[in-house]
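Undergrad: To be precise about what I am sending: the file is called query-v7.cif and holds mmCIF, C-alpha atoms (C1' of nucleotides).
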```
data_run
#
loop_
_atom_site.label_atom_id
_atom_site.label_comp_id
_atom_site.auth_asym_id
_atom_site.auth_seq_id
_atom_site.Cartn_x
_atom_site.Cartn_y
_atom_site.Cartn_z
CA MET A 494 6.52 -114.38 24.43
CA ALA A 495 4.86 -117.20 22.66
CA ILE A 496 6.10 -120.21 24.43
CA ASP A 497 9.75 -120.29 24.61
CA ARG A 498 11.94 -121.38 21.85
CA PHE A 499 9.51 -121.31 18.97
CA LEU A 500 8.83 -118.54 16.54
CA GLY A 501 5.49 -116.96 15.79
CA GLU A 502 4.11 -117.24 12.31
CA PHE A 503 5.18 -113.86 11.02
CA GLU A 504 8.45 -113.88 12.90
CA GLN A 505 9.32 -117.05 11.12
CA VAL A 506 8.48 -115.59 7.74
CA VAL A 507 10.50 -112.45 8.30
CA LEU A 508 13.45 -114.38 9.64
CA LEU A 509 13.40 -116.62 6.61
CA ALA A 510 13.39 -113.63 4.31
CA VAL A 511 16.46 -112.33 6.14
CA ALA A 512 18.08 -115.70 5.66
CA GLN A 513 17.28 -115.66 1.97
CA LEU A 514 18.71 -112.23 1.33
CA GLY A 515 21.95 -112.46 3.27
CA GLU A 516 23.81 -109.16 3.20
CA ASP A 517 21.28 -107.67 0.84
CA GLY A 518 18.53 -107.71 3.37
CA TYR A 519 17.04 -104.46 4.57
CA GLY A 520 13.53 -103.29 5.23
CA THR A 521 12.29 -102.84 1.73
CA THR A 522 13.94 -105.85 0.14
CA ILE A 523 12.82 -108.04 3.02
CA ARG A 524 9.31 -106.85 2.52
CA ARG A 525 9.47 -107.48 -1.19
CA GLU A 526 10.88 -110.94 -0.71
CA ILE A 527 8.01 -111.86 1.55
CA GLU A 528 5.43 -110.53 -0.86
CA ARG A 529 7.05 -112.31 -3.74
CA ARG A 530 7.19 -115.69 -2.06
CA THR A 531 3.94 -115.67 -0.19
CA ALA A 532 1.82 -113.67 -2.59
CA ARG A 533 0.38 -111.68 0.24
CA GLY A 534 0.53 -107.99 0.94
CA VAL A 535 2.65 -106.93 3.87
CA SER A 536 2.70 -103.47 5.38
CA VAL A 537 5.99 -101.72 5.97
CA GLY A 538 5.28 -101.27 9.63
CA ALA A 539 4.67 -104.94 10.17
CA VAL A 540 8.10 -105.77 8.83
CA TYR A 541 10.03 -103.21 10.84
CA ALA A 542 8.21 -103.92 14.05
CA THR A 543 8.88 -107.61 13.72
CA LEU A 544 12.49 -107.00 12.79
CA ALA A 545 12.92 -104.90 15.93
CA ARG A 546 11.51 -107.68 18.07
CA LEU A 547 13.69 -110.22 16.39
CA GLU A 548 16.75 -108.12 17.07
CA GLU A 549 15.78 -107.68 20.67
CA LYS A 550 15.77 -111.43 21.04
CA GLY A 551 19.15 -111.76 19.43
CA PHE A 552 17.92 -113.56 16.32
CA VAL A 553 19.23 -110.90 13.96
CA THR A 554 21.64 -107.99 14.19
CA SER A 555 21.64 -104.83 12.12
CA TRP A 556 23.96 -102.11 10.96
CA TYR A 557 23.58 -99.04 8.83
CA GLY A 558 25.21 -99.15 5.43
CA GLU A 559 26.43 -96.19 3.44
CA SER A 560 23.90 -94.29 1.44
CA THR A 561 23.89 -95.20 -2.20
CA ALA A 562 24.11 -92.69 -4.96
CA LYS A 563 20.57 -93.27 -5.99
CA ARG A 564 17.68 -90.93 -5.89
CA GLY A 565 16.45 -90.90 -2.35
CA GLY A 566 19.48 -92.98 -1.46
CA ARG A 567 19.04 -92.86 2.22
CA SER A 568 21.36 -95.15 4.12
CA LYS A 569 19.87 -98.54 4.66
CA ARG A 570 19.63 -100.61 7.76
CA HIS A 571 20.84 -104.07 6.98
CA TYR A 572 19.95 -107.19 8.85
CA ARG A 573 21.82 -110.40 9.29
CA LEU A 574 20.63 -113.73 10.64
CA GLU A 575 22.42 -114.72 13.82
CA PRO A 576 23.13 -118.26 14.98
CA ALA A 577 20.41 -118.03 17.60
CA GLY A 578 18.00 -117.10 14.84
CA ALA A 579 19.04 -120.02 12.70
CA GLU A 580 18.54 -122.27 15.66
CA ALA A 581 15.08 -120.91 16.38
CA LEU A 582 14.21 -121.42 12.75
CA GLU A 583 15.35 -124.99 12.84
CA SER A 584 13.68 -125.97 16.04
CA THR A 585 10.43 -124.38 14.97
CA ARG A 586 10.51 -126.28 11.75
CA ALA A 587 11.43 -129.53 13.44
CA MET A 588 8.58 -129.09 15.88
CA LEU A 589 6.12 -128.48 13.08
CA ASP A 590 7.42 -131.49 11.22
CA ARG A 591 6.80 -133.66 14.23
CA MET A 592 3.27 -132.38 14.46
CA TRP A 593 2.68 -133.09 10.80
CA ASP A 594 4.14 -136.53 10.97
CA GLY A 595 1.48 -139.04 10.05
CA VAL A 596 -1.24 -136.53 9.33
CA ASP A 597 -3.36 -137.36 6.34
CA LEU A 598 -5.70 -134.64 5.30
CA GLY A 599 -8.27 -136.99 3.88
CA THR A 600 -7.05 -138.41 0.61
CA ARG A 601 -7.26 -135.11 -1.13
CA PRO A 602 -5.03 -134.72 -4.19
CA GLY A 603 -2.71 -132.28 -2.42
CA ARG A 604 0.63 -133.09 -0.90
CA ALA A 605 2.06 -136.48 -0.21
CA MET B 1394 -6.47 -111.97 13.05
CA ALA B 1395 -3.12 -112.95 11.73
CA ILE B 1396 -3.19 -112.04 8.14
CA ASP B 1397 -5.82 -113.71 6.23
CA ARG B 1398 -5.69 -117.24 5.16
CA PHE B 1399 -2.75 -118.36 7.22
CA LEU B 1400 -2.72 -119.90 10.64
CA GLY B 1401 -0.85 -118.62 13.66
CA GLU B 1402 1.84 -120.82 15.08
CA PHE B 1403 -0.15 -122.29 17.92
CA GLU B 1404 -3.34 -122.52 15.92
CA GLN B 1405 -1.48 -124.66 13.47
CA VAL B 1406 -0.19 -126.94 16.19
CA VAL B 1407 -3.58 -127.38 17.78
CA LEU B 1408 -5.25 -128.02 14.47
CA LEU B 1409 -2.68 -130.66 13.65
CA ALA B 1410 -3.30 -132.36 16.95
CA VAL B 1411 -6.98 -132.46 16.12
CA ALA B 1412 -6.13 -133.97 12.77
CA GLN B 1413 -3.97 -136.59 14.42
CA LEU B 1414 -6.56 -137.68 16.93
CA GLY B 1415 -9.60 -137.87 14.72
CA GLU B 1416 -12.69 -138.75 16.71
CA ASP B 1417 -10.66 -139.18 19.87
CA GLY B 1418 -9.78 -135.55 20.06
CA TYR B 1419 -10.97 -133.50 23.00
CA GLY B 1420 -9.38 -130.92 25.23
CA THR B 1421 -7.21 -133.11 27.35
CA THR B 1422 -6.07 -135.57 24.71
CA ILE B 1423 -5.33 -132.73 22.35
CA ARG B 1424 -3.22 -131.12 24.98
CA ARG B 1425 -1.38 -134.34 25.68
CA GLU B 1426 -0.76 -134.97 22.03
CA ILE B 1427 0.84 -131.58 21.68
CA GLU B 1428 3.02 -132.06 24.71
CA ARG B 1429 4.05 -135.46 23.52
CA ARG B 1430 5.04 -134.39 20.05
CA THR B 1431 6.59 -131.05 20.79
CA ALA B 1432 8.08 -131.78 24.18
CA ARG B 1433 6.87 -128.51 25.51
CA GLY B 1434 4.45 -127.70 28.27
CA VAL B 1435 1.11 -126.34 27.20
CA SER B 1436 -1.41 -124.79 29.53
CA VAL B 1437 -4.97 -126.00 29.45
CA GLY B 1438 -6.36 -122.56 28.95
CA ALA B 1439 -4.24 -121.96 25.88
CA VAL B 1440 -5.65 -125.05 24.24
CA TYR B 1441 -9.29 -124.29 24.88
CA ALA B 1442 -8.96 -120.67 23.89
CA THR B 1443 -7.37 -121.65 20.62
CA LEU B 1444 -9.91 -124.35 20.01
CA ALA B 1445 -12.68 -121.81 20.48
CA ARG B 1446 -11.09 -119.47 17.99
CA LEU B 1447 -10.60 -122.27 15.53
CA GLU B 1448 -14.24 -123.23 15.80
CA GLU B 1449 -15.34 -119.68 15.35
CA LYS B 1450 -13.46 -119.61 12.08
CA GLY B 1451 -15.03 -122.83 10.93
CA PHE B 1452 -11.83 -124.85 11.00
CA VAL B 1453 -13.17 -127.37 13.48
CA THR B 1454 -16.57 -128.34 14.82
CA SER B 1455 -17.39 -129.87 18.16
CA TRP B 1456 -20.01 -131.97 19.88
CA TYR B 1457 -20.48 -133.37 23.34
CA GLY B 1458 -20.07 -137.09 23.70
CA GLU B 1459 -21.67 -139.33 26.29
CA SER B 1460 -20.04 -139.76 29.64
CA THR B 1461 -17.98 -142.88 30.06
CA ALA B 1462 -18.30 -145.35 32.93
CA LYS B 1463 -15.08 -144.21 34.45
CA ARG B 1464 -14.33 -142.31 37.57
CA GLY B 1465 -14.60 -138.68 36.62
CA GLY B 1466 -15.99 -139.78 33.32
CA ARG B 1467 -17.50 -136.49 32.53
CA SER B 1468 -18.88 -136.05 29.05
CA LYS B 1469 -16.27 -134.71 26.74
CA ARG B 1470 -16.35 -132.12 24.06
CA HIS B 1471 -14.99 -133.65 20.91
CA TYR B 1472 -13.47 -131.79 18.02
CA ARG B 1473 -13.25 -132.67 14.41
CA LEU B 1474 -11.19 -131.09 11.65
CA GLU B 1475 -13.33 -129.50 8.96
CA PRO B 1476 -12.42 -129.13 5.28
CA ALA B 1477 -11.76 -125.43 5.75
CA GLY B 1478 -9.32 -126.34 8.50
CA ALA B 1479 -7.52 -128.83 6.33
CA GLU B 1480 -7.25 -126.20 3.66
CA ALA B 1481 -5.85 -123.63 6.04
CA LEU B 1482 -3.33 -126.18 7.21
CA GLU B 1483 -2.24 -126.91 3.70
CA SER B 1484 -1.91 -123.37 2.53
CA THR B 1485 -0.01 -122.39 5.64
CA ARG B 1486 2.40 -125.20 5.11
CA ALA B 1487 2.78 -124.44 1.44
CA MET B 1488 3.51 -120.82 2.22
CA LEU B 1489 6.16 -121.78 4.74
CA ASP B 1490 7.70 -124.20 2.30
CA ARG B 1491 8.02 -121.46 -0.24
CA MET B 1492 9.75 -119.28 2.29
CA TRP B 1493 12.15 -122.06 3.18
CA ASP B 1494 12.91 -122.91 -0.39
CA GLY B 1495 16.59 -122.38 -1.01
CA VAL B 1496 17.48 -121.37 2.51
CA ASP B 1497 20.72 -122.78 3.77
CA LEU B 1498 21.39 -122.20 7.39
CA GLY B 1499 25.12 -122.06 7.00
CA THR B 1500 26.45 -125.54 6.42
CA ARG B 1501 25.57 -126.68 9.86
CA PRO B 1502 25.11 -130.42 10.25
CA GLY B 1503 21.37 -130.11 10.70
CA ARG B 1504 18.73 -130.75 8.09
CA ALA B 1505 19.23 -131.17 4.39
"C1'" DT C 974 -27.65 -145.77 50.23
"C1'" DC C 975 -26.02 -141.16 51.26
"C1'" DG C 976 -22.88 -137.75 50.84
"C1'" DG C 977 -18.47 -136.17 50.51
"C1'" DA C 978 -13.84 -137.01 48.42
"C1'" DT C 979 -11.85 -137.63 44.06
"C1'" DT C 980 -11.08 -137.46 39.20
"C1'" DT C 981 -11.60 -135.60 34.71
"C1'" DC C 982 -12.76 -131.96 32.02
"C1'" DT C 983 -14.50 -127.40 30.62
"C1'" DC C 984 -14.77 -122.49 30.97
"C1'" DC C 985 -13.76 -117.68 32.86
"C1'" DT C 986 -10.70 -113.83 33.69
"C1'" DG C 987 -6.67 -111.28 33.06
"C1'" DT C 988 -2.13 -110.38 30.94
"C1'" DT C 989 1.63 -110.41 27.73
"C1'" DT C 990 3.26 -111.01 22.97
"C1'" DT C 991 2.47 -110.86 18.13
"C1'" DG C 992 0.70 -109.12 14.09
"C1'" DT C 993 -0.70 -105.10 11.48
"C1'" DA C 994 -1.87 -100.45 9.55
"C1'" DT C 995 -1.15 -95.53 9.04
"C1'" DA C 996 1.21 -91.74 9.02
"C1'" DA C 997 5.11 -88.90 10.11
"C1'" DC C 998 10.01 -88.16 9.67
"C1'" DA C 999 14.68 -88.24 7.40
"C1'" DT C 1000 17.85 -87.68 3.64
"C1'" DA C 1001 19.53 -87.89 -0.88
"C1'" DT C 1002 18.84 -86.29 -6.03
"C1'" DC C 1003 17.36 -82.86 -9.39
"C1'" DG D 773 11.82 -77.18 -2.82
"C1'" DA D 774 9.59 -81.30 -5.07
"C1'" DT D 775 10.18 -86.10 -5.17
"C1'" DA D 776 11.83 -90.72 -4.40
"C1'" DT D 777 13.43 -94.15 -1.08
"C1'" DG D 778 13.90 -95.64 3.64
"C1'" DT D 779 13.07 -95.81 8.51
"C1'" DT D 780 10.55 -94.77 12.89
"C1'" DA D 781 6.66 -93.72 15.87
"C1'" DT D 782 2.26 -94.74 17.44
"C1'" DA D 783 -1.77 -97.36 18.17
"C1'" DC D 784 -4.55 -101.30 18.40
"C1'" DA D 785 -6.60 -105.82 17.45
"C1'" DA D 786 -5.73 -110.62 17.60
"C1'" DA D 787 -3.31 -114.53 19.32
"C1'" DA D 788 -0.92 -116.96 22.95
"C1'" DC D 789 -0.67 -118.07 27.83
"C1'" DA D 790 -1.48 -118.98 32.79
"C1'" DG D 791 -4.30 -120.48 36.65
"C1'" DG D 792 -7.95 -121.34 39.05
"C1'" DA D 793 -13.04 -121.82 39.46
"C1'" DG D 794 -16.78 -124.63 38.31
"C1'" DA D 795 -19.26 -128.97 36.55
"C1'" DA D 796 -20.20 -133.56 36.09
"C1'" DA D 797 -19.56 -138.21 37.14
"C1'" DT D 798 -17.75 -142.04 39.87
"C1'" DC D 799 -15.93 -144.15 44.14
"C1'" DC D 800 -16.16 -145.43 48.78
"C1'" DG D 801 -16.73 -145.41 53.79
"C1'" DA D 802 -20.06 -145.41 57.52
#
```
Could you write out this file's structure as structure tokens?
TA:
Amino acid sequence: MAIDRFLGEFEQVVLLAVAQLGEDGYGTTIRREIERRTARGVSVGAVYATLARLEEKGFVTSWYGESTAKRGGRSKRHYRLEPAGAEALESTRAMLDRMWDGVDLGTRPGRA
Amino acid sequence: MAIDRFLGEFEQVVLLAVAQLGEDGYGTTIRREIERRTARGVSVGAVYATLARLEEKGFVTSWYGESTAKRGGRSKRHYRLEPAGAEALESTRAMLDRMWDGVDLGTRPGRA
DNA sequence: TCGGATTTCTCCTGTTTTGTATAACATATC
DNA sequence: GATATGTTATACAAAACAGGAGAAATCCGA
């Protein structure tokens, strides 16, 4: 694994999407949420593969819901953020914040 | 490569260390800076490999300085953050911020 | 003052984890 | 069945790591 307690870039993004969606999170919505917020294309496979790894590490858990009465209403696999995942998210963010602390990217108009 | 315009987790950390150190940044100090701020052990090889990748992408440039009058004062390879690197740093951070926006990790005492 | 011991740093090699795409498979509606 | 919505399988490239070998420069004892 990366180092230890920190999340990789995409892992972090996927985990955050799971956090955003709560009980409504499943493959397709998670993917859409990522695309919506980051304005970048994401392949289906990338999402599922990452989700599987995240589950393996205990950061999320999943369960199959009932199939909806919609065309092609195959039963969905829902994902939920687990405490360990929330913790990983927090420590990764805290670590990044510490690295950013005091950085000034050359008086450009950007962020404070 | 990761996706496109975004930095991997460790790339981001290394690049930030370079930004922090300015002209004083070279392999060993960069490594130390990372260990100091993140409280995690980092292998030498990981740092140099990442630095090489970063340079290949045009995010940093390097030059060899003169050797100092110190025991083992071998000439060092210095690194400097380039505009493209600063940009990558910013867009990665902005993207992550957008993903975090609105996330509440369950009323835990942690961050706001 | 020579030459090895010592220190500081860089680079090479190999491996594991992540990140990603493509396509096949499953299941419900019509 | 044809078609829409979801999930899984498979494969691979890139990124993250570890460790030790190798280089360069100084220090120091005889």
Undergrad: Could you pull the residues within 12 Å of C:DT988, counting all atoms listed in the file, minus those fewer than 5 positions along the same chain, as a PDB file with C-alpha atoms (C1' of nucleotides), in the frame of the given file?
TA:
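Result went into result_28.pdb, see below:
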```
ATOM      1  CA  MET A 494       6.520-114.380  24.430  1.00  0.00           C
TER       2      MET A 494
ATOM      3  C1'  DA D 788      -0.920-116.960  22.950  1.00  0.00           C
ATOM      4  C1'  DC D 789      -0.670-118.070  27.830  1.00  0.00           C
ATOM      5  C1'  DA D 790      -1.480-118.980  32.790  1.00  0.00           C
ATOM      6  C1'  DG D 791      -4.300-120.480  36.650  1.00  0.00           C
TER       7       DG D 791
END
```
Undergrad: Around the point (-11.9, -138.0, 38.6) (coordinates from the file), which residues reach within 7 Å if we count all atoms listed in the file? Answer as JSON, numbers by chain.
TA: {"B": [1464, 1465, 1466], "C": [979, 980, 981]}
Undergrad: Which residues fall under the PyMOL selection byres ((chain D) within 6 of (chain B)) in this file, as a PyMOL selection string?
TA: chain D and resi 786+789+796-798
Undergrad: Write a file of the just-selected residues containing C-alpha atoms (C1' of nucleotides), as an mmCIF file, in the coordinates of the input.
TA:
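So out_32.cif came out as:
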```cif
data_model
loop_
_atom_site.group_PDB
_atom_site.id
_atom_site.type_symbol
_atom_site.label_atom_id
_atom_site.label_comp_id
_atom_site.auth_asym_id
_atom_site.auth_seq_id
_atom_site.Cartn_x
_atom_site.Cartn_y
_atom_site.Cartn_z
ATOM 1 C "C1'" DA D 786 -5.730 -110.620 17.600
ATOM 2 C "C1'" DC D 789 -0.670 -118.070 27.830
ATOM 3 C "C1'" DA D 796 -20.200 -133.560 36.090
ATOM 4 C "C1'" DA D 797 -19.560 -138.210 37.140
ATOM 5 C "C1'" DT D 798 -17.750 -142.040 39.870
#
```
Undergrad: Restricting the calculation to all atoms listed in the file, which member of B:Gly1418, B:Gly1434, B:Gly1458, B:Gly1451 is positioned closest to chain A?
TA: B:Gly1434
Undergrad: Taking (16.8, -114.5, 8.2) in the file's own coordinates, collect the residues within 12 Å, counting only C-alpha atoms (C1' of nucleotides), and hand them back as JSON, numbers by chain.
TA: {"A": [503, 504, 505, 506, 507, 508, 509, 510, 511, 512, 513, 514, 515, 516, 517, 518, 519, 523, 526, 527, 543, 544, 547, 548, 551, 552, 553, 554, 555, 571, 572, 573, 574, 575, 576, 577, 578, 579, 580, 581, 582, 583], "B": [1492, 1493, 1496, 1497, 1498, 1499]}
Undergrad: Can you write out the residues you just picked, keeping C-alpha atoms, as a PDB file, keeping the file's coordinate frame?
TA:
```pdb
ATOM      1  CA  PHE A 503       5.180-113.860  11.020  1.00  0.00           C
ATOM      2  CA  GLU A 504       8.450-113.880  12.900  1.00  0.00           C
ATOM      3  CA  GLN A 505       9.320-117.050  11.120  1.00  0.00           C
ATOM      4  CA  VAL A 506       8.480-115.590   7.740  1.00  0.00           C
ATOM      5  CA  VAL A 507      10.500-112.450   8.300  1.00  0.00           C
ATOM      6  CA  LEU A 508      13.450-114.380   9.640  1.00  0.00           C
ATOM      7  CA  LEU A 509      13.400-116.620   6.610  1.00  0.00           C
ATOM      8  CA  ALA A 510      13.390-113.630   4.310  1.00  0.00           C
ATOM      9  CA  VAL A 511      16.460-112.330   6.140  1.00  0.00           C
ATOM     10  CA  ALA A 512      18.080-115.700   5.660  1.00  0.00           C
ATOM     11  CA  GLN A 513      17.280-115.660   1.970  1.00  0.00           C
ATOM     12  CA  LEU A 514      18.710-112.230   1.330  1.00  0.00           C
ATOM     13  CA  GLY A 515      21.950-112.460   3.270  1.00  0.00           C
ATOM     14  CA  GLU A 516      23.810-109.160   3.200  1.00  0.00           C
ATOM     15  CA  ASP A 517      21.280-107.670   0.840  1.00  0.00           C
ATOM     16  CA  GLY A 518      18.530-107.710   3.370  1.00  0.00           C
ATOM     17  CA  TYR A 519      17.040-104.460   4.570  1.00  0.00           C
ATOM     18  CA  ILE A 523      12.820-108.040   3.020  1.00  0.00           C
ATOM     19  CA  GLU A 526      10.880-110.940  -0.710  1.00  0.00           C
ATOM     20  CA  ILE A 527       8.010-111.860   1.550  1.00  0.00           C
ATOM     21  CA  THR A 543       8.880-107.610  13.720  1.00  0.00           C
ATOM     22  CA  LEU A 544      12.490-107.000  12.790  1.00  0.00           C
ATOM     23  CA  LEU A 547      13.690-110.220  16.390  1.00  0.00           C
ATOM     24  CA  GLU A 548      16.750-108.120  17.070  1.00  0.00           C
ATOM     25  CA  GLY A 551      19.150-111.760  19.430  1.00  0.00           C
ATOM     26  CA  PHE A 552      17.920-113.560  16.320  1.00  0.00           C
ATOM     27  CA  VAL A 553      19.230-110.900  13.960  1.00  0.00           C
ATOM     28  CA  THR A 554      21.640-107.990  14.190  1.00  0.00           C
ATOM     29  CA  SER A 555      21.640-104.830  12.120  1.00  0.00           C
ATOM     30  CA  HIS A 571      20.840-104.070   6.980  1.00  0.00           C
ATOM     31  CA  TYR A 572      19.950-107.190   8.850  1.00  0.00           C
ATOM     32  CA  ARG A 573      21.820-110.400   9.290  1.00  0.00           C
ATOM     33  CA  LEU A 574      20.630-113.730  10.640  1.00  0.00           C
ATOM     34  CA  GLU A 575      22.420-114.720  13.820  1.00  0.00           C
ATOM     35  CA  PRO A 576      23.130-118.260  14.980  1.00  0.00           C
ATOM     36  CA  ALA A 577      20.410-118.030  17.600  1.00  0.00           C
ATOM     37  CA  GLY A 578      18.000-117.100  14.840  1.00  0.00           C
ATOM     38  CA  ALA A 579      19.040-120.020  12.700  1.00  0.00           C
ATOM     39  CA  GLU A 580      18.540-122.270  15.660  1.00  0.00           C
ATOM     40  CA  ALA A 581      15.080-120.910  16.380  1.00  0.00           C
ATOM     41  CA  LEU A 582      14.210-121.420  12.750  1.00  0.00           C
ATOM     42  CA  GLU A 583      15.350-124.990  12.840  1.00  0.00           C
TER      43      GLU A 583
ATOM     44  CA  MET B1492       9.750-119.280   2.290  1.00  0.00           C
ATOM     45  CA  TRP B1493      12.150-122.060   3.180  1.00  0.00           C
ATOM     46  CA  VAL B1496      17.480-121.370   2.510  1.00  0.00           C
ATOM     47  CA  ASP B1497      20.720-122.780   3.770  1.00  0.00           C
ATOM     48  CA  LEU B1498      21.390-122.200   7.390  1.00  0.00           C
ATOM     49  CA  GLY B1499      25.120-122.060   7.000  1.00  0.00           C
TER      50      GLY B1499
END
```
Undergrad: Have a look at atom CA of A:Ser584 and atom CA of B:Lys1450 and let me know their distance in Å, one decimal.
TA: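 Interatomic distance here is 28.2 Å.
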Undergrad: Please expand the PyMOL selection byres ((chain C) within 10 of (chain B)) into the concrete residues it hits in this file, giving the result as a VMD selection string.
TA: chain C and resid 979 to 985 991 to 993
Undergrad: Which value, in Å to one decimal, gives the distance between atom C1' of D:DA795 and atom CA of B:Arg1429?
TA: 27.5 Å
Undergrad: Could you tell me how far atom CA of B:Thr1485 lies from atom CA of B:Phe1399, in Å and to one decimal?
TA: 5.1 Å
Undergrad: Using all atoms listed in the file, which residue out of A:Glu559, A:Thr531, A:Asp594, A:Glu549 lies closest to chain B?
TA: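 Ranked by minimum distance to chain B, first place goes to A:Thr531.
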Undergrad: Restricting the calculation to all atoms listed in the file: of D:DG794, D:DA783, D:DC800, D:DT775, which residue gets closest to C:DT995?
TA: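 Using all atoms listed in the file, C:DT995 sits closest to D:DA783.
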Undergrad: Run the PyMOL selection byres ((chain D and resi 781) around 8) mentally over the shown coordinates, then write out the matched residues as number ranges by chain, using the chain letters and numbers from the document.
TA: C: 997; D: 780, 782
Undergrad: To test the calculation: enclose all listed atoms of stretch 1493-1498 of chain B in a box whose edges run along x, y and z, add 6 Å on each side, then state centre and edge lengths in Å to one decimal, as JSON.
TA:
```
{"center_x": 16.8, "center_y": -122.1, "center_z": 3.2, "size_x": 21.2, "size_y": 13.5, "size_z": 20.4}
```
